[in-house]
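Content type compact mmCIF, C-alpha atoms and all ligand atoms, from the file data-v7.txt:
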# COMPACT_ATOMS: atom_id res chain seq x y z
CA MET T 1 5.68 10.67 26.73
CA ASP T 2 9.39 9.97 26.15
CA GLY T 3 9.98 7.04 23.83
CA LEU T 4 6.34 6.59 22.98
CA ILE T 5 6.03 8.44 19.70
CA ALA T 6 7.07 7.24 16.27
CA ILE T 7 7.09 9.02 12.95
CA GLY T 8 5.63 7.33 9.90
CA ILE T 9 6.69 8.49 6.42
CA ASP T 10 4.92 7.39 3.22
CA ILE T 11 6.91 8.20 0.07
CA GLY T 12 5.15 7.98 -3.28
CA GLY T 13 6.06 9.20 -6.74
CA THR T 14 4.01 12.38 -6.40
CA LYS T 15 3.48 12.91 -2.67
CA ILE T 16 5.19 12.37 0.68
CA ALA T 17 2.94 12.01 3.74
CA VAL T 18 4.23 12.09 7.31
CA ALA T 19 2.55 11.58 10.68
CA THR T 20 3.47 11.48 14.35
CA VAL T 21 1.89 8.37 15.83
CA ALA T 22 1.59 7.47 19.51
CA ALA T 23 2.55 3.91 20.43
CA ALA T 24 -0.88 3.57 22.01
CA GLY T 25 -2.30 3.67 18.47
CA CYS T 26 -3.43 7.14 17.46
CA ILE T 27 -2.25 9.75 14.99
CA LEU T 28 -1.14 12.95 16.74
CA GLY T 29 -0.54 15.00 13.60
CA ARG T 30 -0.01 14.66 9.88
CA SER T 31 1.35 16.64 6.96
CA THR T 32 2.19 16.21 3.27
CA MET T 33 4.37 17.73 0.58
CA PRO T 34 5.00 17.06 -3.12
CA THR T 35 7.81 14.54 -3.74
CA GLN T 36 9.42 16.46 -6.62
CA ALA T 37 11.98 13.70 -7.09
CA GLU T 38 13.35 15.57 -10.11
CA ARG T 39 15.02 18.02 -7.71
CA GLY T 40 17.33 15.23 -6.53
CA PHE T 41 17.65 13.25 -3.32
CA ASP T 42 19.67 15.77 -1.25
CA ASP T 43 16.97 18.36 -1.81
CA GLY T 44 14.28 15.81 -0.98
CA LEU T 45 16.03 14.77 2.23
CA ARG T 46 16.38 18.41 3.34
CA ARG T 47 12.68 18.97 2.73
CA ILE T 48 11.72 15.75 4.58
CA VAL T 49 13.73 16.85 7.65
CA ALA T 50 12.14 20.33 7.54
CA LEU T 51 8.67 18.76 7.23
CA LEU T 52 9.32 16.40 10.16
CA ASP T 53 10.71 19.19 12.36
CA ARG T 54 7.68 21.36 11.62
CA LEU T 55 5.28 18.48 12.31
CA MET T 56 6.99 17.60 15.60
CA ALA T 57 6.86 21.25 16.70
CA GLU T 58 3.15 21.44 15.80
CA THR T 59 2.29 18.25 17.68
CA GLY T 60 4.47 19.00 20.73
CA CYS T 61 6.76 16.05 20.06
CA SER T 62 10.35 16.87 21.02
CA ARG T 63 13.26 15.04 19.41
CA ARG T 64 13.82 13.46 22.85
CA ALA T 65 10.32 11.95 22.78
CA LEU T 66 10.86 10.36 19.39
CA ALA T 67 11.29 6.58 19.63
CA ALA T 68 11.76 5.56 16.01
CA ILE T 69 11.05 6.49 12.39
CA GLY T 70 9.46 4.18 9.82
CA ILE T 71 9.40 4.77 6.08
CA GLY T 72 7.09 3.09 3.60
CA CYS T 73 8.33 3.84 0.10
CA ALA T 74 7.13 3.05 -3.41
CA GLY T 75 9.22 0.01 -4.31
CA PRO T 76 11.38 -1.70 -5.09
CA VAL T 77 13.26 -0.94 -1.89
CA ASP T 78 15.87 -2.92 0.02
CA PRO T 79 14.71 -3.01 3.65
CA ILE T 80 17.92 -4.70 4.79
CA ARG T 81 20.34 -2.16 3.26
CA GLY T 82 17.94 0.77 3.61
CA THR T 83 18.14 1.73 -0.05
CA ILE T 84 15.53 2.87 -2.54
CA ASP T 85 15.86 0.95 -5.82
CA ASN T 86 13.00 2.47 -7.74
CA PRO T 87 13.93 3.85 -11.15
CA TYR T 88 10.25 3.83 -12.16
CA THR T 89 8.63 6.51 -9.97
CA LEU T 90 11.64 7.90 -8.02
CA PRO T 91 14.27 7.98 -10.79
CA THR T 92 16.74 10.46 -9.27
CA TRP T 93 16.56 8.72 -5.89
CA ASP T 94 17.48 5.35 -7.37
CA GLY T 95 20.12 3.58 -5.28
CA VAL T 96 20.16 6.09 -2.40
CA ASN T 97 20.29 5.08 1.24
CA ILE T 98 17.55 6.99 3.06
CA VAL T 99 17.92 5.25 6.42
CA GLU T 100 21.46 6.35 7.37
CA PRO T 101 21.04 10.14 7.01
CA LEU T 102 17.74 10.15 8.96
CA GLN T 103 19.29 7.95 11.65
CA ALA T 104 22.21 10.38 11.93
CA GLU T 105 19.87 13.39 12.03
CA TYR T 106 17.47 12.12 14.69
CA GLY T 107 19.54 9.55 16.61
CA VAL T 108 16.77 6.92 16.55
CA ARG T 109 16.20 3.63 14.75
CA VAL T 110 14.96 4.18 11.20
CA VAL T 111 13.41 1.39 9.15
CA LEU T 112 12.53 1.25 5.46
CA GLU T 113 9.80 -0.91 3.97
CA ASN T 114 7.91 -1.26 0.73
CA ASP T 115 4.85 1.01 0.86
CA ALA T 116 2.43 -1.88 0.27
CA ASP T 117 3.88 -3.74 3.27
CA ALA T 118 3.62 -0.59 5.40
CA ALA T 119 -0.03 -0.10 4.39
CA ALA T 120 -0.77 -3.76 5.19
CA MET T 121 0.81 -3.37 8.61
CA GLY T 122 -1.23 -0.21 9.21
CA GLU T 123 -4.50 -2.02 8.47
CA VAL T 124 -3.47 -4.92 10.72
CA TRP T 125 -2.60 -2.58 13.61
CA LEU T 126 -5.50 -0.14 13.51
CA GLY T 127 -7.75 -0.94 10.54
CA ALA T 128 -9.62 -3.71 8.74
CA GLY T 129 -6.93 -6.36 9.32
CA GLN T 130 -7.17 -6.25 13.11
CA GLY T 131 -7.30 -9.67 14.73
CA GLY T 132 -6.13 -11.52 11.61
CA ARG T 133 -3.25 -13.98 11.86
CA VAL T 134 -2.63 -14.22 8.12
CA VAL T 135 -3.68 -10.97 6.47
CA VAL T 136 -3.36 -10.18 2.76
CA MET T 137 -3.84 -6.50 2.00
CA ILE T 138 -4.26 -5.39 -1.60
CA THR T 139 -4.22 -1.81 -2.88
CA ILE T 140 -5.82 -1.31 -6.29
CA GLY T 141 -5.18 2.14 -7.73
CA THR T 142 -2.66 3.38 -10.28
CA GLY T 143 -1.01 -0.02 -9.81
CA ILE T 144 -1.83 -3.09 -7.76
CA GLY T 145 0.32 -3.73 -4.72
CA GLY T 146 -0.04 -6.18 -1.91
CA GLY T 147 1.42 -6.93 1.47
CA ILE T 148 1.16 -10.13 3.49
CA ILE T 149 1.35 -9.96 7.28
CA ILE T 150 1.72 -13.27 9.10
CA ASP T 151 1.64 -13.29 12.93
CA GLY T 152 2.27 -9.54 12.90
CA GLN T 153 5.37 -9.81 10.69
CA VAL T 154 5.86 -8.73 7.10
CA TYR T 155 6.23 -11.78 4.85
CA ARG T 156 9.38 -11.49 2.74
CA GLY T 157 11.03 -13.47 0.02
CA ILE T 158 14.64 -14.05 -0.90
CA GLU T 159 17.04 -11.39 0.42
CA GLY T 160 14.13 -9.41 1.81
CA THR T 161 12.34 -9.23 -1.53
CA HIS T 162 8.77 -7.96 -1.53
CA PRO T 163 6.44 -10.34 -3.39
CA GLU T 164 4.72 -8.55 -6.28
CA ILE T 165 1.17 -9.84 -5.93
CA GLY T 166 -0.14 -7.41 -8.57
CA HIS T 167 2.10 -9.10 -11.14
CA HIS T 168 0.77 -12.62 -10.89
CA SER T 169 -0.74 -13.44 -14.24
CA ILE T 170 -4.47 -13.90 -14.53
CA ASP T 171 -4.53 -14.25 -18.32
CA PRO T 172 -1.28 -15.20 -20.11
CA THR T 173 -2.86 -14.08 -23.40
CA GLY T 174 -3.78 -10.69 -21.93
CA PRO T 175 -2.13 -7.28 -22.39
CA ALA T 176 1.67 -7.07 -22.15
CA CYS T 177 2.91 -5.76 -18.80
CA TYR T 178 6.13 -3.81 -18.11
CA CYS T 179 7.23 -6.60 -15.73
CA GLY T 180 7.74 -9.00 -18.64
CA MET T 181 4.55 -11.08 -18.29
CA ARG T 182 1.15 -10.80 -19.96
CA GLY T 183 -2.23 -10.38 -18.36
CA CYS T 184 -0.99 -9.49 -14.89
CA TRP T 185 -3.70 -8.62 -12.36
CA GLU T 186 -2.39 -5.02 -12.46
CA SER T 187 -2.69 -4.81 -16.22
CA LEU T 188 -6.32 -6.01 -16.03
CA ALA T 189 -7.76 -4.22 -12.99
CA SER T 190 -5.78 -1.09 -12.07
CA GLY T 191 -7.06 2.42 -12.86
CA PRO T 192 -4.93 2.64 -16.05
CA ALA T 193 -6.16 -0.85 -17.04
CA LEU T 194 -9.76 0.39 -16.87
CA VAL T 195 -8.83 3.32 -19.11
CA ALA T 196 -6.98 1.03 -21.54
CA ALA T 197 -9.96 -1.32 -21.76
CA VAL T 198 -12.26 1.54 -22.74
CA SER T 199 -9.77 3.02 -25.21
CA GLU T 200 -9.37 -0.39 -26.90
CA ARG T 201 -13.08 -0.74 -27.52
CA ALA T 202 -13.81 2.89 -28.34
CA PRO T 203 -10.67 4.49 -29.80
CA GLY T 204 -10.75 8.27 -29.96
CA ARG T 205 -13.68 8.47 -27.58
CA PRO T 206 -14.51 12.18 -27.34
CA SER T 207 -15.08 12.36 -23.58
CA GLY T 208 -11.65 13.89 -22.87
CA PRO T 209 -8.79 12.43 -20.85
CA LEU T 210 -10.14 9.35 -19.11
CA THR T 211 -9.22 8.26 -15.60
CA GLY T 212 -10.03 5.06 -13.73
CA ALA T 213 -12.52 7.03 -11.61
CA GLY T 214 -14.03 8.40 -14.83
CA VAL T 215 -14.54 4.91 -16.24
CA ILE T 216 -16.22 3.82 -13.00
CA ALA T 217 -18.50 6.88 -13.09
CA GLU T 218 -19.46 6.09 -16.71
CA ALA T 219 -20.16 2.48 -15.77
CA ARG T 220 -22.45 3.64 -12.98
CA ALA T 221 -24.21 5.92 -15.47
CA GLY T 222 -24.96 2.87 -17.63
CA ASP T 223 -22.33 3.18 -20.38
CA PRO T 224 -21.94 -0.38 -21.76
CA ILE T 225 -18.26 -0.02 -22.77
CA ALA T 226 -17.31 1.30 -19.33
CA GLN T 227 -19.41 -1.45 -17.73
CA ALA T 228 -17.57 -4.09 -19.76
CA ALA T 229 -14.24 -2.63 -18.60
CA VAL T 230 -15.33 -2.73 -14.95
CA THR T 231 -16.63 -6.29 -15.38
CA ARG T 232 -13.27 -7.40 -16.80
CA ALA T 233 -11.46 -5.77 -13.86
CA ALA T 234 -13.87 -7.36 -11.37
CA GLU T 235 -13.42 -10.81 -12.94
CA ALA T 236 -9.63 -10.44 -12.86
CA THR T 237 -9.77 -9.34 -9.23
CA ALA T 238 -12.05 -12.21 -8.29
CA MET T 239 -9.69 -14.69 -9.97
CA ALA T 240 -6.69 -13.13 -8.22
CA LEU T 241 -8.41 -13.41 -4.83
CA PHE T 242 -9.37 -17.01 -5.62
CA ASN T 243 -5.67 -17.71 -6.21
CA LEU T 244 -4.65 -15.89 -3.02
CA THR T 245 -7.09 -17.90 -0.90
CA ASN T 246 -5.52 -21.10 -2.23
CA LEU T 247 -1.96 -19.83 -1.83
CA TYR T 248 -2.17 -18.29 1.65
CA ALA T 249 -5.48 -19.43 3.21
CA PRO T 250 -5.66 -16.03 4.94
CA ASP T 251 -7.98 -15.08 7.79
CA VAL T 252 -8.57 -11.68 6.26
CA ILE T 253 -8.22 -10.09 2.82
CA VAL T 254 -8.25 -6.28 2.97
CA LEU T 255 -8.98 -4.31 -0.20
CA GLY T 256 -7.96 -0.66 -0.48
CA GLY T 257 -6.97 1.95 -3.06
CA GLY T 258 -8.87 4.28 -5.37
CA VAL T 259 -10.43 1.60 -7.60
CA MET T 260 -11.84 -0.17 -4.53
CA GLU T 261 -13.98 2.88 -3.83
CA ALA T 262 -16.17 1.10 -6.38
CA TYR T 263 -16.09 -2.09 -4.30
CA ASP T 264 -19.86 -2.46 -4.61
CA LEU T 265 -19.38 -3.05 -8.38
CA PHE T 266 -16.72 -5.70 -7.74
CA GLU T 267 -18.21 -7.45 -4.74
CA PRO T 268 -20.88 -9.65 -6.43
CA VAL T 269 -18.29 -11.11 -8.86
CA ILE T 270 -15.78 -11.62 -6.04
CA ARG T 271 -18.31 -13.37 -3.79
CA GLN T 272 -19.61 -15.57 -6.60
CA THR T 273 -16.12 -16.59 -7.72
CA LEU T 274 -14.82 -17.29 -4.21
CA SER T 275 -17.89 -19.40 -3.46
CA ARG T 276 -16.80 -21.80 -6.23
CA ASN T 277 -13.57 -22.59 -4.36
CA THR T 278 -13.94 -26.04 -2.81
CA MET T 279 -10.33 -26.19 -1.55
CA ALA T 280 -9.96 -23.14 0.72
CA PRO T 281 -12.22 -22.35 3.71
CA VAL T 282 -13.68 -19.36 1.86
CA ASP T 283 -16.74 -19.14 4.10
CA ARG T 284 -14.45 -18.24 6.99
CA ILE T 285 -12.13 -15.89 5.08
CA ALA T 286 -13.19 -12.29 5.69
CA VAL T 287 -12.98 -9.99 2.65
CA ARG T 288 -13.09 -6.43 3.95
CA ARG T 289 -12.62 -2.95 2.58
CA ALA T 290 -9.64 -1.04 3.98
CA GLU T 291 -10.49 1.36 6.79
CA LEU T 292 -7.55 3.73 7.09
CA GLY T 293 -7.53 5.23 3.60
CA SER T 294 -4.39 7.26 2.91
CA ASP T 295 -3.34 6.99 6.60
CA ALA T 296 -2.56 3.26 6.24
CA GLY T 297 0.99 3.88 4.98
CA VAL T 298 2.11 6.30 7.71
CA VAL T 299 0.40 4.31 10.48
CA GLY T 300 1.98 1.06 9.29
CA ALA T 301 5.42 2.65 8.87
CA ALA T 302 5.22 3.96 12.45
CA CYS T 303 4.11 0.53 13.67
CA LEU T 304 7.05 -1.17 11.91
CA ALA T 305 9.42 1.41 13.39
CA LEU T 306 8.15 0.73 16.92
CA ASP T 307 8.45 -3.02 16.38
CA HIS T 308 12.00 -2.73 15.08
CA ALA T 309 13.14 -0.28 17.74
CA GLN T 310 12.26 -2.82 20.47
CA LEU T 311 12.55 -0.11 23.10
CA PRO T 312 11.57 -1.33 26.56
CA ALA T 313 9.52 1.86 26.98
CA VAL T 314 7.40 1.06 23.96
CA ARG T 315 4.19 -0.78 24.73
CA ARG T 316 2.33 -0.86 21.51
CA ALA T 317 -1.40 -1.45 21.90
CA PRO T 318 -2.06 -5.19 21.50
CA LEU T 319 -4.06 -6.29 18.48
CA PRO T 320 -7.64 -6.44 19.73
CA PRO T 321 -9.76 -9.45 18.72
CA ARG T 322 -12.50 -8.76 16.18
ZN ZN A 401 3.22 -7.45 -14.62
Write the structure described by the file as structure tokens, please.
Amino acid sequence: MDGLIAIGIDIGGTKIAVATVAAAGCILGRSTMPTQAERGFDDGLRRIVALLDRLMAETGCSRRALAAIGIGCAGPVDPIRGTIDNPYTLPTWDGVNIVEPLQAEYGVRVVLENDADAAAMGEVWLGAGQGGRVVVMITIGTGIGGGIIIDGQVYRGIEGTHPEIGHHSIDPTGPACYCGMRGCWESLASGPALVAAVSERAPGRPSGPLTGAGVIAEARAGDPIAQAAVTRAAEATAMALFNLTNLYAPDVIVLGGGVMEAYDLFEPVIRQTLSRNTMAPVDRIAVRRAELGSDAGVVGAACLALDHAQLPAVRRAPLPPR
């Protein structure tokens, strides 16, 4: 099995997930640990190496069999320099290079990507994006992130910049967003946006600390304020997807993340809105729910690592037609 196994690492603000992934397209083992960024990067790096060593021992993957390591990390990150530039959710890791020390430790190619791009690549390789030539994957949860994969490659902007799809404005008179704009998709349809919409209309609501999932549950139970919040989020999402179909004319749009567990509440508005689009071939654009769940990030990171390593021994499973 030499040279046929990659490690995928998914680094978020609260949790780090890792997996050993065979180039043939299956997860051999997985593990997680809390990020605890407040303990500093050196401590985090030591714990990542210990976690990887333990996982490799458990899954019978020797260091010799390891072909490459891919990291998907909560952005912004610089995939060219290998640095994490995220003062928002990884404050003490801001500016660190995570690629070089792992490369030195394991002696294999290590690549760093934005976590949304890694998740998109995971869905294209083994999930709902399979067979798509232009795939837009959106994750709606605590925030809204997106990745665009064109012909199997991550779409990038200037100097490797990751496009922030969740921060395109749907309503310039909407709520102020930390990015500097108003009415961003994220500030209208993320989990916190659902909570904010309920709090606005019913300040001091006695039902305890609200979460996005809580708002969705209340909407399902028939609460009109929660239903209005979900409707606003669904309308914003439908408008965002309308824009994306015009901008990218994708084959496939994949929707994942915690809020999309309520996809059934969003779907009628999305379908109705997209059907109004006379410019894009919306009848042939597949809108699908993500299939890999929390595995998308590690699978996609491993896939990117294998692609970048370009080892002759690596024969990644071809993308099957759908
Ligand atoms: Zn924004």
Selection: 8 Å around stretch 247-255 of chain T, all atoms listed in the file, excl. self and same-chain fewer than 6 positions, as a tab-separated table (two decimals) with C-alpha atoms, in the frame of the given file:
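Saved to selection-v2.tsv:
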chain	number	residue	atom	x	y	z
T	123	GLU	CA	-4.50	-2.02	8.47
T	128	ALA	CA	-9.62	-3.71	8.74
T	129	GLY	CA	-6.93	-6.36	9.32
T	132	GLY	CA	-6.13	-11.52	11.61
T	133	ARG	CA	-3.25	-13.98	11.86
T	134	VAL	CA	-2.63	-14.22	8.12
T	135	VAL	CA	-3.68	-10.97	6.47
T	136	VAL	CA	-3.36	-10.18	2.76
T	137	MET	CA	-3.84	-6.50	2.00
T	138	ILE	CA	-4.26	-5.39	-1.60
T	139	THR	CA	-4.22	-1.81	-2.88
T	140	ILE	CA	-5.82	-1.31	-6.29
T	280	ALA	CA	-9.96	-23.14	0.72
T	281	PRO	CA	-12.22	-22.35	3.71
T	284	ARG	CA	-14.45	-18.24	6.99
T	285	ILE	CA	-12.13	-15.89	5.08
T	286	ALA	CA	-13.19	-12.29	5.69
T	287	VAL	CA	-12.98	-9.99	2.65
T	288	ARG	CA	-13.09	-6.43	3.95
T	289	ARG	CA	-12.62	-2.95	2.58
T	290	ALA	CA	-9.64	-1.04	3.98
Counting all atoms listed in the file, give me one row per residue of stretch 93-171 of chain T with an atom at most 10 Å from an atom of stretch 12-29 of chain T, showing the shortest contact pair and its distance in Å to one decimal, sorted by chain then residue number, as a tab-separated table.
residue	atom	partner	partner_atom	distance
T:Asp115	CA	T:Gly12	CA	8.1
T:Trp125	CA	T:Gly25	CA	7.9
T:Leu126	CA	T:Gly25	CA	7.0
Collect all residues with atoms no farther than 9 Å from ligand ZN 401 (chain A), counting all atoms listed in the file, and output them as JSON, numbers by chain.
{"T": [164, 166, 167, 168, 169, 176, 177, 178, 179, 180, 181, 182, 183, 184, 185, 186, 187]}
Shell of 12 Å around T:Ala116, only C-alpha atoms, local chain residues under 6 positions omitted, as JSON, numbers by chain:
{"T": [10, 11, 12, 71, 72, 73, 74, 75, 76, 77, 122, 123, 136, 137, 138, 139, 140, 141, 143, 144, 145, 146, 147, 148, 149, 154, 155, 162, 163, 164, 165, 166, 254, 255, 256, 257, 294, 296, 297, 298, 300, 301]}
Output C-alpha atoms of each residue in that selection to a file, as a compact mmCIF listing (two decimals), in the frame of the given file.
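Result written to out_9.txt:
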# COMPACT_ATOMS: atom_id res chain seq x y z
CA ASP T 10 4.92 7.39 3.22
CA ILE T 11 6.91 8.20 0.07
CA GLY T 12 5.15 7.98 -3.28
CA ILE T 71 9.40 4.77 6.08
CA GLY T 72 7.09 3.09 3.60
CA CYS T 73 8.33 3.84 0.10
CA ALA T 74 7.13 3.05 -3.41
CA GLY T 75 9.22 0.01 -4.31
CA PRO T 76 11.38 -1.70 -5.09
CA VAL T 77 13.26 -0.94 -1.89
CA GLY T 122 -1.23 -0.21 9.21
CA GLU T 123 -4.50 -2.02 8.47
CA VAL T 136 -3.36 -10.18 2.76
CA MET T 137 -3.84 -6.50 2.00
CA ILE T 138 -4.26 -5.39 -1.60
CA THR T 139 -4.22 -1.81 -2.88
CA ILE T 140 -5.82 -1.31 -6.29
CA GLY T 141 -5.18 2.14 -7.73
CA GLY T 143 -1.01 -0.02 -9.81
CA ILE T 144 -1.83 -3.09 -7.76
CA GLY T 145 0.32 -3.73 -4.72
CA GLY T 146 -0.04 -6.18 -1.91
CA GLY T 147 1.42 -6.93 1.47
CA ILE T 148 1.16 -10.13 3.49
CA ILE T 149 1.35 -9.96 7.28
CA VAL T 154 5.86 -8.73 7.10
CA TYR T 155 6.23 -11.78 4.85
CA HIS T 162 8.77 -7.96 -1.53
CA PRO T 163 6.44 -10.34 -3.39
CA GLU T 164 4.72 -8.55 -6.28
CA ILE T 165 1.17 -9.84 -5.93
CA GLY T 166 -0.14 -7.41 -8.57
CA VAL T 254 -8.25 -6.28 2.97
CA LEU T 255 -8.98 -4.31 -0.20
CA GLY T 256 -7.96 -0.66 -0.48
CA GLY T 257 -6.97 1.95 -3.06
CA SER T 294 -4.39 7.26 2.91
CA ALA T 296 -2.56 3.26 6.24
CA GLY T 297 0.99 3.88 4.98
CA VAL T 298 2.11 6.30 7.71
CA GLY T 300 1.98 1.06 9.29
CA ALA T 301 5.42 2.65 8.87
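With all atoms listed in the file as the basis for measurement, T:Ile69 is the residue among T:Val269, T:Ile69, T:Ile9, T:Asn277 that approaches T:Glu105 most closely.
Residues in contact with T:Cys61 at up to 12 Å, not including ones fewer than 4 positions away on its chain and judged by only C-alpha atoms, are Met1, Asp2, Gly3, Leu4, Ile5, Ala6, Ile7, Ala19, Thr20, Val21, Ala22, Leu28, Gly29, Leu52, Asp53, Arg54, Leu55, Met56, Ala57, Ala65, Leu66 and Ala67 of chain T.
Proximity to T:Arg201 was assessed for T:Pro172, T:Tyr263, T:Ala213, T:Ala229 counting all atoms listed in the file; the smallest distance is recorded for T:Ala229.
Considering the residues T:Gly157, T:Asp171, T:Ala238, T:Ala262 and counting only C-alpha atoms, T:Gly191 has its shortest atom-to-atom contact with T:Ala262.
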